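Shown next: upload.cif, given as mmCIF, C-alpha atoms.
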data_target
#
loop_
_atom_site.label_atom_id
_atom_site.label_comp_id
_atom_site.auth_asym_id
_atom_site.auth_seq_id
_atom_site.Cartn_x
_atom_site.Cartn_y
_atom_site.Cartn_z
CA MET A 1 0.00 0.00 0.00
CA SER A 2 1.36 3.40 -0.94
CA ALA A 3 2.08 6.08 1.64
CA TRP A 4 -0.70 8.26 0.17
CA ALA A 5 -3.23 5.39 0.45
CA LYS A 6 -2.23 4.80 4.08
CA LEU A 7 -2.55 8.51 4.75
CA LYS A 8 -6.06 8.61 3.27
CA GLU A 9 -7.11 5.71 5.53
CA ASN A 10 -5.79 7.41 8.65
CA ALA A 11 -8.80 7.96 10.97
CA VAL A 12 -7.36 11.08 12.62
CA LEU A 13 -6.67 12.69 9.25
CA LYS A 14 -10.13 11.79 7.97
CA ASN A 15 -11.83 13.28 11.02
CA THR A 16 -9.67 16.39 10.81
CA LEU A 17 -10.55 16.92 7.15
CA ILE A 18 -14.25 16.38 7.87
CA PHE A 19 -14.07 18.89 10.70
CA LEU A 20 -12.26 21.47 8.57
CA SER A 21 -14.87 21.02 5.84
CA MET A 22 -17.59 22.01 8.34
CA LEU A 23 -15.86 25.24 9.37
CA GLY A 24 -17.48 28.30 7.91
CA PRO A 25 -20.85 29.71 9.03
CA GLY A 26 -20.06 29.86 12.75
CA VAL A 27 -16.53 31.26 12.39
CA ILE A 28 -17.55 33.76 9.70
CA THR A 29 -20.69 35.03 11.46
CA GLY A 30 -18.84 35.36 14.76
CA SER A 31 -15.91 37.17 13.14
CA VAL A 32 -18.16 39.63 11.34
CA ASP A 33 -19.34 40.65 14.79
CA ASN A 34 -15.95 42.39 15.13
CA ASP A 35 -16.89 45.02 12.56
CA ALA A 36 -15.96 48.71 12.56
CA GLY A 37 -18.62 49.44 15.20
CA GLY A 38 -17.49 46.57 17.41
CA ILE A 39 -13.82 47.52 17.15
CA THR A 40 -14.72 51.12 18.02
CA THR A 41 -16.69 49.97 21.08
CA TYR A 42 -13.87 47.74 22.35
CA SER A 43 -11.24 50.43 21.67
CA VAL A 44 -13.14 53.16 23.51
CA ALA A 45 -13.88 50.79 26.41
CA GLY A 46 -10.22 49.81 26.81
CA ALA A 47 -9.00 53.40 26.50
CA THR A 48 -11.58 54.75 28.95
CA TYR A 49 -11.76 52.06 31.66
CA GLY A 50 -8.61 50.00 31.21
CA TYR A 51 -8.20 46.32 32.10
CA PRO A 52 -11.06 46.06 34.64
CA ILE A 53 -13.79 46.30 31.99
CA ILE A 54 -12.53 43.21 30.14
CA TRP A 55 -14.79 41.03 32.33
CA THR A 56 -17.76 42.08 30.16
CA LEU A 57 -16.49 39.84 27.37
CA LEU A 58 -17.35 36.71 29.37
CA PRO A 59 -21.14 37.33 29.33
CA SER A 60 -20.71 38.50 25.72
CA PHE A 61 -19.30 35.06 24.86
CA ILE A 62 -22.24 33.28 26.52
CA VAL A 63 -24.80 35.46 24.73
CA LEU A 64 -23.14 34.94 21.35
CA LEU A 65 -22.81 31.17 21.80
CA VAL A 66 -26.43 30.65 22.87
CA VAL A 67 -27.94 32.60 19.99
CA GLN A 68 -25.57 31.20 17.34
CA GLU A 69 -26.29 27.61 18.41
CA MET A 70 -30.05 28.13 18.11
CA ASN A 71 -29.57 29.66 14.68
CA MET A 72 -27.41 26.81 13.48
CA ARG A 73 -29.80 24.19 14.85
CA MET A 74 -32.85 25.77 13.22
CA GLY A 75 -31.11 25.93 9.84
CA ALA A 76 -29.75 22.38 10.05
CA CYS A 77 -33.08 20.94 11.24
CA THR A 78 -35.49 22.74 8.90
CA GLY A 79 -33.34 23.44 5.84
CA LYS A 80 -35.01 26.87 5.78
CA GLY A 81 -33.72 30.38 6.38
CA LEU A 82 -34.88 32.45 9.35
CA ALA A 83 -36.73 34.80 7.00
CA ASP A 84 -38.65 31.88 5.46
CA LEU A 85 -39.64 30.62 8.89
CA ILE A 86 -40.78 34.04 10.12
CA ARG A 87 -42.95 34.52 7.02
CA GLU A 88 -44.48 31.06 7.32
CA ASN A 89 -45.23 31.35 11.05
CA PHE A 90 -46.02 35.03 11.60
CA GLY A 91 -47.45 36.19 8.27
CA ILE A 92 -46.45 38.42 5.40
CA LYS A 93 -47.46 41.74 7.07
CA VAL A 94 -45.25 41.18 10.11
CA THR A 95 -42.46 40.04 7.82
CA PHE A 96 -42.76 43.15 5.63
CA TRP A 97 -42.46 45.64 8.49
CA ILE A 98 -39.61 43.76 10.19
CA PHE A 99 -37.60 43.61 6.99
CA LEU A 100 -38.32 47.19 6.00
CA GLY A 101 -36.73 48.29 9.28
CA LEU A 102 -33.84 45.87 8.82
CA LEU A 103 -33.21 47.08 5.27
CA ILE A 104 -32.99 50.72 6.40
CA ALA A 105 -30.75 49.81 9.34
CA ASP A 106 -28.47 47.63 7.22
CA ILE A 107 -27.92 50.37 4.65
CA GLY A 108 -26.75 52.56 7.52
CA ASN A 109 -24.65 49.71 8.97
CA THR A 110 -23.01 49.10 5.59
CA ALA A 111 -22.22 52.81 5.33
CA THR A 112 -20.55 52.58 8.74
CA GLU A 113 -18.38 49.70 7.49
CA PHE A 114 -17.26 51.74 4.47
CA ALA A 115 -16.49 54.55 6.90
CA GLY A 116 -14.14 52.06 8.59
CA VAL A 117 -12.52 51.36 5.21
CA ALA A 118 -12.09 55.08 4.61
CA GLY A 119 -10.69 55.73 8.09
CA SER A 120 -8.21 52.85 8.08
CA MET A 121 -6.88 53.67 4.60
CA ASP A 122 -6.62 57.35 5.51
CA ILE A 123 -4.03 56.33 8.11
CA PHE A 124 -1.94 54.93 5.24
CA GLY A 125 -2.43 58.15 3.22
CA ILE A 126 -5.08 56.82 0.81
CA SER A 127 -8.08 59.06 0.16
CA LYS A 128 -11.58 57.71 0.75
CA TYR A 129 -12.43 58.71 -2.84
CA ILE A 130 -10.00 55.98 -3.93
CA SER A 131 -10.30 53.37 -1.16
CA VAL A 132 -14.10 53.21 -0.94
CA PRO A 133 -14.89 52.75 -4.68
CA LEU A 134 -12.03 50.24 -5.12
CA THR A 135 -13.16 48.23 -2.10
CA ALA A 136 -16.77 48.23 -3.32
CA ALA A 137 -15.64 47.03 -6.75
CA GLY A 138 -13.55 44.25 -5.20
CA VAL A 139 -16.49 43.12 -3.06
CA TRP A 140 -18.79 43.07 -6.11
CA ILE A 141 -16.31 40.94 -8.11
CA LEU A 142 -15.89 38.50 -5.20
CA VAL A 143 -19.63 37.99 -4.81
CA THR A 144 -20.65 37.89 -8.47
CA LYS A 145 -17.70 36.02 -9.99
CA GLY A 146 -17.02 33.53 -7.21
CA ASN A 147 -19.13 30.80 -5.65
CA TYR A 148 -19.97 29.85 -2.08
CA LYS A 149 -16.86 27.68 -1.56
CA ILE A 150 -14.47 30.34 -2.88
CA SER A 151 -16.21 33.13 -0.95
CA GLU A 152 -16.25 31.07 2.24
CA ARG A 153 -12.49 30.45 2.01
CA ILE A 154 -11.82 34.15 1.53
CA PHE A 155 -14.13 34.99 4.43
CA LEU A 156 -12.27 32.48 6.62
CA LEU A 157 -9.00 34.16 5.59
CA PHE A 158 -10.48 37.50 6.66
CA SER A 159 -11.36 35.88 10.00
CA VAL A 160 -7.76 34.74 10.48
CA CYS A 161 -6.47 38.21 9.56
CA LEU A 162 -8.44 39.68 12.45
CA LEU A 163 -6.00 37.87 14.75
CA SER A 164 -3.55 40.63 13.74
CA TYR A 165 -4.79 42.42 16.86
CA VAL A 166 -2.79 39.88 18.86
CA PHE A 167 0.39 41.57 17.60
CA SER A 168 -0.87 45.04 18.56
CA ALA A 169 -1.64 43.82 22.07
CA ILE A 170 1.74 42.12 22.52
CA ALA A 171 3.58 45.19 21.19
CA ALA A 172 1.74 47.29 23.79
CA LYS A 173 3.48 45.25 26.56
CA PRO A 174 0.40 44.89 28.76
CA ASP A 175 0.20 43.72 32.38
CA TRP A 176 -1.15 40.20 31.80
CA HIS A 177 -1.69 39.72 35.53
CA GLN A 178 -4.19 42.61 35.45
CA VAL A 179 -5.85 41.10 32.38
CA ALA A 180 -6.37 37.78 34.19
CA LEU A 181 -7.52 39.57 37.34
CA ALA A 182 -10.23 41.37 35.34
CA PHE A 183 -11.97 38.02 34.75
CA VAL A 184 -11.38 36.60 38.25
CA LYS A 185 -12.28 39.74 40.24
CA PRO A 186 -14.50 42.01 38.09
CA GLN A 187 -14.50 45.66 39.15
CA VAL A 188 -17.87 47.26 38.55
CA GLN A 189 -18.53 51.00 38.62
CA TYR A 190 -22.01 52.16 39.51
CA ASN A 191 -22.54 55.15 37.28
CA LYS A 192 -24.51 55.83 34.09
CA ASP A 193 -21.56 56.18 31.69
CA TYR A 194 -20.06 52.87 32.83
CA LEU A 195 -23.44 51.13 32.52
CA ILE A 196 -23.90 52.44 28.99
CA MET A 197 -20.42 51.20 28.06
CA VAL A 198 -21.09 47.73 29.50
CA LEU A 199 -24.42 47.56 27.68
CA GLY A 200 -22.71 48.63 24.48
CA ILE A 201 -20.03 45.93 24.77
CA VAL A 202 -22.49 43.10 25.38
CA GLY A 203 -25.06 44.55 23.00
CA THR A 204 -22.64 44.82 20.09
CA THR A 205 -22.29 41.03 20.28
CA ILE A 206 -25.72 40.42 18.74
CA ALA A 207 -27.22 42.23 15.74
CA PRO A 208 -30.50 41.23 14.03
CA TRP A 209 -28.94 40.74 10.59
CA MET A 210 -26.38 38.24 11.98
CA GLN A 211 -29.12 35.73 12.78
CA PHE A 212 -30.40 35.74 9.21
CA TYR A 213 -26.94 35.40 7.70
CA MET A 214 -25.95 32.55 10.01
CA GLN A 215 -28.98 30.46 9.13
CA SER A 216 -28.70 31.17 5.40
CA ALA A 217 -25.01 30.20 5.44
CA VAL A 218 -25.81 26.92 7.23
CA ILE A 219 -28.34 26.08 4.52
CA GLU A 220 -26.10 27.08 1.63
CA LYS A 221 -23.34 24.90 3.08
CA GLY A 222 -25.77 21.95 3.18
CA THR A 223 -25.50 21.34 6.95
CA THR A 224 -28.02 18.89 8.46
CA MET A 225 -28.63 17.57 11.97
CA ASP A 226 -26.34 14.64 11.11
CA ASP A 227 -23.54 17.23 11.11
CA TYR A 228 -24.66 18.83 14.40
CA LYS A 229 -21.56 18.05 16.49
CA LEU A 230 -19.14 19.39 13.89
CA ALA A 231 -21.38 22.39 13.14
CA PHE A 232 -21.61 23.15 16.86
CA ALA A 233 -17.80 22.99 17.11
CA ASP A 234 -17.69 25.53 14.25
CA VAL A 235 -19.98 27.82 16.28
CA VAL A 236 -17.89 27.43 19.44
CA ILE A 237 -14.61 28.15 17.60
CA GLY A 238 -16.19 31.20 15.96
CA CYS A 239 -17.38 32.55 19.32
CA ILE A 240 -14.01 31.95 21.00
CA ALA A 241 -12.12 33.64 18.14
CA THR A 242 -14.51 36.59 18.20
CA ILE A 243 -14.12 37.21 21.92
CA ALA A 244 -10.34 36.61 21.76
CA VAL A 245 -10.00 39.38 19.16
CA ALA A 246 -12.11 41.68 21.34
CA ILE A 247 -9.88 40.93 24.35
CA PHE A 248 -6.70 41.80 22.45
CA ILE A 249 -8.22 45.07 21.17
CA MET A 250 -9.16 46.07 24.72
CA VAL A 251 -5.76 45.01 26.05
CA ALA A 252 -3.90 47.05 23.41
CA CYS A 253 -5.88 50.19 24.22
CA ALA A 254 -5.83 49.67 27.99
CA ALA A 255 -2.05 49.14 28.06
CA THR A 256 -1.29 52.28 26.05
CA LEU A 257 -4.11 54.78 25.85
CA HIS A 258 -5.74 54.28 29.27
CA VAL A 259 -2.50 54.41 31.25
CA ASN A 260 -1.61 57.65 29.43
CA ASN A 261 -5.10 59.19 29.80
CA ILE A 262 -5.67 59.33 26.03
CA SER A 263 -9.36 59.49 25.10
CA ILE A 264 -10.68 58.43 21.69
CA ASN A 265 -13.98 58.46 19.82
CA GLU A 266 -13.46 55.83 17.12
CA ALA A 267 -11.22 52.94 16.07
CA LYS A 268 -9.22 55.15 13.68
CA ASP A 269 -8.27 57.35 16.65
CA ALA A 270 -7.02 54.27 18.51
CA ALA A 271 -4.78 53.23 15.62
CA LEU A 272 -3.25 56.72 15.44
CA ALA A 273 -2.90 57.09 19.21
CA LEU A 274 -1.11 53.74 19.56
CA LYS A 275 1.91 54.91 17.52
CA PRO A 276 3.69 57.01 20.18
CA PHE A 277 3.28 54.32 22.85
CA ALA A 278 3.50 50.97 21.06
CA GLY A 279 5.31 51.94 17.88
CA ALA A 280 4.47 52.30 14.20
CA PHE A 281 4.16 48.52 13.74
CA ALA A 282 1.43 48.18 16.37
CA SER A 283 -0.37 51.22 14.97
CA GLY A 284 -0.19 49.90 11.41
CA VAL A 285 -1.37 46.41 12.41
CA PHE A 286 -4.30 47.93 14.31
CA ALA A 287 -5.26 49.96 11.23
CA PHE A 288 -4.88 46.87 9.03
CA GLY A 289 -7.21 44.95 11.35
CA LEU A 290 -9.77 47.74 11.10
CA PHE A 291 -9.54 47.63 7.29
CA VAL A 292 -9.98 43.85 7.13
CA ALA A 293 -12.91 43.94 9.56
CA SER A 294 -14.58 46.75 7.62
CA VAL A 295 -14.19 45.05 4.22
CA PHE A 296 -15.36 41.76 5.72
CA SER A 297 -18.51 43.31 7.19
CA ALA A 298 -19.13 45.52 4.15
CA THR A 299 -19.36 42.25 2.19
CA ILE A 300 -21.41 40.19 4.65
CA LEU A 301 -23.92 42.89 5.67
CA PRO A 302 -25.44 43.56 2.23
CA LEU A 303 -25.20 39.83 1.46
CA ALA A 304 -27.16 38.98 4.60
CA THR A 305 -29.77 41.64 3.82
CA SER A 306 -30.20 40.38 0.26
CA PHE A 307 -30.44 36.80 1.52
CA TYR A 308 -33.19 37.31 4.06
CA ILE A 309 -35.30 39.73 2.03
CA CYS A 310 -35.26 37.43 -1.01
CA GLU A 311 -35.97 34.42 1.21
CA ALA A 312 -38.88 36.18 2.86
CA PHE A 313 -40.57 37.09 -0.39
CA GLY A 314 -39.80 33.95 -2.37
CA PHE A 315 -37.06 35.24 -4.69
CA SER A 316 -34.10 33.10 -5.69
CA ALA A 317 -31.00 33.91 -3.62
CA GLY A 318 -27.44 32.68 -3.11
CA ILE A 319 -23.90 33.48 -4.23
CA ASP A 320 -23.71 30.09 -5.93
CA LYS A 321 -26.25 31.41 -8.44
CA GLN A 322 -25.44 33.51 -11.51
CA VAL A 323 -26.72 37.08 -11.76
CA GLU A 324 -29.37 36.09 -14.32
CA GLU A 325 -30.55 33.25 -12.02
CA ALA A 326 -31.13 35.54 -9.04
CA PRO A 327 -31.61 39.09 -10.44
CA GLN A 328 -33.50 40.42 -7.39
CA PHE A 329 -30.80 39.13 -5.03
CA TYR A 330 -27.93 40.78 -6.90
CA ALA A 331 -29.90 43.96 -7.63
CA LEU A 332 -30.61 44.42 -3.92
CA PHE A 333 -26.99 43.66 -3.04
CA ALA A 334 -25.77 46.27 -5.56
CA ALA A 335 -28.29 48.88 -4.40
CA ILE A 336 -27.25 48.58 -0.74
CA MET A 337 -23.56 48.85 -1.66
CA ILE A 338 -24.07 51.88 -3.94
CA ILE A 339 -26.23 53.79 -1.45
CA ALA A 340 -23.75 53.09 1.38
CA CYS A 341 -20.78 54.24 -0.73
CA VAL A 342 -22.56 57.41 -1.84
CA ILE A 343 -23.31 58.29 1.80
CA ILE A 344 -19.64 57.90 2.75
CA LEU A 345 -18.39 59.92 -0.20
CA ILE A 346 -20.64 62.90 0.58
CA PRO A 347 -18.41 65.63 2.07
CA ASN A 348 -19.03 66.11 5.81
CA ALA A 349 -21.60 63.29 5.94
CA PRO A 350 -22.99 62.92 9.51
CA LEU A 351 -21.48 59.46 10.07
CA ILE A 352 -21.86 59.46 13.85
CA ALA A 353 -25.54 60.36 13.57
CA ILE A 354 -26.05 57.65 10.94
CA THR A 355 -24.33 55.08 13.16
CA LEU A 356 -26.42 55.98 16.23
CA TRP A 357 -29.62 56.07 14.20
CA THR A 358 -29.06 52.62 12.69
CA GLN A 359 -28.12 51.18 16.09
CA ASP A 360 -31.43 52.48 17.49
CA ILE A 361 -33.32 50.67 14.71
CA ASN A 362 -31.32 47.51 15.40
CA ALA A 363 -32.17 47.83 19.10
CA MET A 364 -35.88 48.09 18.36
CA LEU A 365 -35.88 45.11 15.98
CA LEU A 366 -33.66 42.79 18.03
CA PRO A 367 -36.40 41.82 20.56
CA VAL A 368 -38.79 40.94 17.72
CA VAL A 369 -36.20 38.70 16.04
CA LEU A 370 -35.09 37.00 19.27
CA ILE A 371 -38.63 36.30 20.48
CA SER A 372 -39.54 34.93 17.05
CA MET A 373 -36.50 32.63 17.19
CA GLN A 374 -37.36 31.37 20.68
CA LEU A 375 -40.97 30.63 19.76
CA MET A 376 -39.98 28.75 16.62
CA VAL A 377 -37.10 26.76 18.14
CA ASN A 378 -39.59 25.49 20.76
CA ASN A 379 -42.26 24.54 18.21
CA PRO A 380 -42.30 20.73 17.61
CA GLU A 381 -44.08 21.28 14.28
CA ILE A 382 -41.01 23.17 13.08
CA MET A 383 -38.16 21.49 14.97
CA GLY A 384 -39.53 18.00 15.61
CA GLU A 385 -37.46 16.32 18.33
CA HIS A 386 -34.80 19.04 18.13
CA VAL A 387 -36.69 21.65 20.18
CA ASN A 388 -34.88 23.28 23.09
CA ASN A 389 -34.50 21.18 26.22
CA ARG A 390 -35.19 22.69 29.65
CA LEU A 391 -31.62 23.95 30.15
CA GLN A 392 -31.51 25.44 26.65
CA ASN A 393 -34.81 27.20 27.32
CA ILE A 394 -33.62 28.62 30.62
CA ILE A 395 -30.44 29.94 29.00
CA GLY A 396 -32.19 30.98 25.77
CA TRP A 397 -35.04 32.92 27.37
CA SER A 398 -32.71 34.44 29.98
CA THR A 399 -30.40 35.61 27.20
CA THR A 400 -33.36 37.01 25.26
CA VAL A 401 -34.70 38.90 28.29
CA ILE A 402 -31.24 40.26 29.17
CA LEU A 403 -30.59 41.47 25.60
CA ILE A 404 -34.02 43.07 25.38
CA THR A 405 -33.47 44.82 28.73
CA MET A 406 -30.04 46.05 27.65
CA THR A 407 -31.23 47.39 24.31
CA ALA A 408 -34.12 49.15 26.06
CA LEU A 409 -31.72 50.77 28.53
CA LEU A 410 -29.38 51.83 25.71
CA MET A 411 -32.29 53.73 24.18
CA ILE A 412 -33.82 55.07 27.42
CA LEU A 413 -30.68 56.36 29.17
CA PRO A 414 -29.57 58.77 26.38
CA ALA A 415 -33.19 59.95 26.05
CA LEU A 416 -33.32 60.76 29.79
CA ASP A 417 -30.07 62.73 29.46
CA PHE A 418 -31.55 64.69 26.55
CA LEU A 419 -34.69 65.54 28.53
CA LYS A 420 -32.63 66.70 31.51
CA THR A 421 -30.58 69.10 29.41
CA ASN A 422 -33.62 70.64 27.67
#

Show me the file's structure as structure tokens.
Amino acid sequence: MSAWAKLKENAVLKNTLIFLSMLGPGVITGSVDNDAGGITTYSVAGATYGYPIIWTLLPSFIVLLVVQEMNMRMGACTGKGLADLIRENFGIKVTFWIFLGLLIADIGNTATEFAGVAGSMDIFGISKYISVPLTAAGVWILVTKGNYKISERIFLLFSVCLLSYVFSAIAAKPDWHQVALAFVKPQVQYNKDYLIMVLGIVGTTIAPWMQFYMQSAVIEKGTTMDDYKLAFADVVIGCIATIAVAIFIMVACAATLHVNNISINEAKDAALALKPFAGAFASGVFAFGLFVASVFSATILPLATSFYICEAFGFSAGIDKQVEEAPQFYALFAAIMIIACVIILIPNAPLIAITLWTQDINAMLLPVVLISMQLMVNNPEIMGEHVNNRLQNIIGWSTTVILITMTALLMILPALDFLKTN
């Protein structure tokens, strides 16, 4: 028997290859969570509160894992996207209004990602009038000329590139004892600004559009309940990688900006501010990470939106299809990209206002999506024997209630401040 034949019969190698073939939806969806908005949130948190606020990433991990697992299980069990299931179980009118809000929010979210592209490339001396159109063109070519397997491999490469933040954190020479202590002995401050920051960190973990993309990706990959263990491992790895990246971003900013009392407003500021304290390499790597995350999310966001809207209204969708096979899908994808790019290229565009406005819409829609998911994942007519067990329900409903409470507070607290000042 040849060496190659023996190698092919090796059980460990076979299992490893099978496992690697299942990687994709969980890792990609989790990694996209570290978009321009997420990186900004983690950077500001680390710069403002230092190591002690890192404890918030532990509940963030639990929230992400619980919701992603339910998503994966629904897709693998039913073979249907979340949009399909919502339409079938709650009616076309409810579906229309949910997705109208999501479409508006996702256009704003996509614009925010292109703002991240513009900001990161500006650090390297490239104008947004060059970087944004070129990035948009590259994204369009990837989606329209590739297929799911090619796109998935590139998305996984993007996910790996986000680990570049490890180098920024190490270059910052942090106090790792303080990092570990933040998880073992959390220090909580009882004031409004701290509460808003904590809510923002945990809340940025879950966005409505992520749930639709995750389930669509599971279906397009062909995952079934026979693959559950490997698919669940994919989800776990994705969640761990996502939170690990967030930890290193916070550590880099805590070790440099916080100890030197440097305040920032966005991720671009963090990349620039790192240079005097951690060196040009750390600053450049941080900016590169922001660019990769922004391009990644600027691709996935409009894709996810096109997926779930086409699913909901019965149009053909999927990047494995040619443009002429799914014209509505690609037309919607192009429209979202063009509108987002135009917004960014407008001189003095109110990007902060757009970001806050779209986050408010996301906050209002998140409870609707999460409650819909919980009701459906507990319906035997939909899930058969794969409904939540008692422990999954306790964790799932608790997570849903906590996220709803947090998003409500994130909307109420700024409103109370506004009323006090007027």

Where does the PyMOL selection byres ((chain A and resi 264-281) around 8) land in this file, that is, which residues does it pick, as a list in words? Ala36, Ile39, Thr40, Thr41, Ser43, Val44, Ala47, Gly116, Gly119, Ser120, Ile123, Ser168, Ala171, Ala172, Lys173, Cys253, Thr256, Leu257, Ile262, Ser263, Ala282, Ser283, Gly284, Val285, Phe286, Ala287 and Leu290 of chain A

If you keep C-alpha atoms, can you produce a file of those selected residues as a PDB file, in the coordinates of the input?
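selection_21.pdb, freshly written:
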ATOM      1  CA  ALA A  36     -15.960  48.710  12.560  1.00  0.00           C
ATOM      2  CA  ILE A  39     -13.820  47.520  17.150  1.00  0.00           C
ATOM      3  CA  THR A  40     -14.720  51.120  18.020  1.00  0.00           C
ATOM      4  CA  THR A  41     -16.690  49.970  21.080  1.00  0.00           C
ATOM      5  CA  SER A  43     -11.240  50.430  21.670  1.00  0.00           C
ATOM      6  CA  VAL A  44     -13.140  53.160  23.510  1.00  0.00           C
ATOM      7  CA  ALA A  47      -9.000  53.400  26.500  1.00  0.00           C
ATOM      8  CA  GLY A 116     -14.140  52.060   8.590  1.00  0.00           C
ATOM      9  CA  GLY A 119     -10.690  55.730   8.090  1.00  0.00           C
ATOM     10  CA  SER A 120      -8.210  52.850   8.080  1.00  0.00           C
ATOM     11  CA  ILE A 123      -4.030  56.330   8.110  1.00  0.00           C
ATOM     12  CA  SER A 168      -0.870  45.040  18.560  1.00  0.00           C
ATOM     13  CA  ALA A 171       3.580  45.190  21.190  1.00  0.00           C
ATOM     14  CA  ALA A 172       1.740  47.290  23.790  1.00  0.00           C
ATOM     15  CA  LYS A 173       3.480  45.250  26.560  1.00  0.00           C
ATOM     16  CA  CYS A 253      -5.880  50.190  24.220  1.00  0.00           C
ATOM     17  CA  THR A 256      -1.290  52.280  26.050  1.00  0.00           C
ATOM     18  CA  LEU A 257      -4.110  54.780  25.850  1.00  0.00           C
ATOM     19  CA  ILE A 262      -5.670  59.330  26.030  1.00  0.00           C
ATOM     20  CA  SER A 263      -9.360  59.490  25.100  1.00  0.00           C
ATOM     21  CA  ALA A 282       1.430  48.180  16.370  1.00  0.00           C
ATOM     22  CA  SER A 283      -0.370  51.220  14.970  1.00  0.00           C
ATOM     23  CA  GLY A 284      -0.190  49.900  11.410  1.00  0.00           C
ATOM     24  CA  VAL A 285      -1.370  46.410  12.410  1.00  0.00           C
ATOM     25  CA  PHE A 286      -4.300  47.930  14.310  1.00  0.00           C
ATOM     26  CA  ALA A 287      -5.260  49.960  11.230  1.00  0.00           C
ATOM     27  CA  LEU A 290      -9.770  47.740  11.100  1.00  0.00           C
TER      28      LEU A 290
END

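Neighbouring residues of range 65-72 of chain A at 8 Å or closer, counting only C-alpha atoms and skipping chain neighbours under 2 positions away, are Gly26, Phe61, Ile62, Val63, Met74, Gly75, Ala76, Gln211, Met214, Gln215, Val218, Ala231, Phe232, Val235, Val236, Cys239, Met373, Val377, Ile395, Gly396 and Thr399 of chain A.
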
Hey, can you check how far CA of Met383 in chain A sits from CA of Arg73 in chain A?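 We find that CA of Met383 in chain A and CA of Arg73 in chain A lie 8.8 Å from each other.
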
Enumerate, as a PyMOL selection string, the residues matched when the PyMOL selection byres ((chain A and resi 295) around 8) is run on the file above. chain A and resi 113-114+117+135+139+291-294+296-299

Got a sec to resolve the PyMOL selection byres ((chain A and resi 312) around 7) on this structure and send the residues as number ranges by chain? A: 83-84, 87, 308-311, 313-314

Env of Leu370 in chain A: 9 Å cut, atoms = only C-alpha atoms, seq-sep filter 5 positions within chain, self excluded. Answer as a list in words. Val67, Pro208, Gln211, Leu365, Leu375, Thr400, Leu403 and Ile404 of chain A

One number please: CA of Ile107 in chain A to CA of Lys321 in chain A, in Å, one decimal. 23.1 Å

Using only C-alpha atoms, pick whichever of A:Trp140, A:Ile206, A:Ala182, A:Ile154 has the shortest atom-to-atom distance to Val369 in chain A.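 Closest residue, counting only C-alpha atoms: A:Ile206.
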
What's around range 185-189 of chain A at 9 Å? Count all atoms listed in the file, leave out sequence neighbours fewer than 5 positions away in its own chain, and write the answer as a PyMOL selection string. chain A and resi 52-56+180+194-195

Selection from above, C-alpha atoms, as a CSV table (one decimal), in the frame of the given file, can you write it?
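Written file, out_34.csv:
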chain,number,residue,atom,x,y,z
A,52,PRO,CA,-11.1,46.1,34.6
A,53,ILE,CA,-13.8,46.3,32.0
A,54,ILE,CA,-12.5,43.2,30.1
A,55,TRP,CA,-14.8,41.0,32.3
A,56,THR,CA,-17.8,42.1,30.2
A,180,ALA,CA,-6.4,37.8,34.2
A,194,TYR,CA,-20.1,52.9,32.8
A,195,LEU,CA,-23.4,51.1,32.5

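Restricting the calculation to only C-alpha atoms, the smallest distance between Phe99 in chain A and any of A:Ile247, A:Ile219, A:Val368, A:Met376 is found for A:Val368.
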
Which residues are near Val251 in chain A? Cut-off 8 Å, only C-alpha atoms, ignore same chain within fewer than 4 positions. Put them as a list in words.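 The contact residues come out as Gly46, Gly50, Tyr51, Ala169, Pro174, Val179, Ile247 and Ala255 of chain A.
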
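CA of Tyr213 in chain A to CA of Ile300 in chain A spans 7.9 Å [interatomic distance, one decimal].
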
I'd like the contact shell of range 318-320 of chain A - 12 Å cut-off, all atoms listed in the file, skipping same-chain residues fewer than 6 positions apart - returned as a ChimeraX atom specification. /A:81,140-152,213,216-221,299-300,303-311,326-330,333

Please, could you write that set of residues out with C-alpha atoms as a compact mmCIF listing (two decimals), in the coordinates of the input?
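Below is the file part.txt, written as the result:
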# COMPACT_ATOMS: atom_id res chain seq x y z
CA GLY A 81 -33.72 30.38 6.38
CA TRP A 140 -18.79 43.07 -6.11
CA ILE A 141 -16.31 40.94 -8.11
CA LEU A 142 -15.89 38.50 -5.20
CA VAL A 143 -19.63 37.99 -4.81
CA THR A 144 -20.65 37.89 -8.47
CA LYS A 145 -17.70 36.02 -9.99
CA GLY A 146 -17.02 33.53 -7.21
CA ASN A 147 -19.13 30.80 -5.65
CA TYR A 148 -19.97 29.85 -2.08
CA LYS A 149 -16.86 27.68 -1.56
CA ILE A 150 -14.47 30.34 -2.88
CA SER A 151 -16.21 33.13 -0.95
CA GLU A 152 -16.25 31.07 2.24
CA TYR A 213 -26.94 35.40 7.70
CA SER A 216 -28.70 31.17 5.40
CA ALA A 217 -25.01 30.20 5.44
CA VAL A 218 -25.81 26.92 7.23
CA ILE A 219 -28.34 26.08 4.52
CA GLU A 220 -26.10 27.08 1.63
CA LYS A 221 -23.34 24.90 3.08
CA THR A 299 -19.36 42.25 2.19
CA ILE A 300 -21.41 40.19 4.65
CA LEU A 303 -25.20 39.83 1.46
CA ALA A 304 -27.16 38.98 4.60
CA THR A 305 -29.77 41.64 3.82
CA SER A 306 -30.20 40.38 0.26
CA PHE A 307 -30.44 36.80 1.52
CA TYR A 308 -33.19 37.31 4.06
CA ILE A 309 -35.30 39.73 2.03
CA CYS A 310 -35.26 37.43 -1.01
CA GLU A 311 -35.97 34.42 1.21
CA ALA A 326 -31.13 35.54 -9.04
CA PRO A 327 -31.61 39.09 -10.44
CA GLN A 328 -33.50 40.42 -7.39
CA PHE A 329 -30.80 39.13 -5.03
CA TYR A 330 -27.93 40.78 -6.90
CA PHE A 333 -26.99 43.66 -3.04
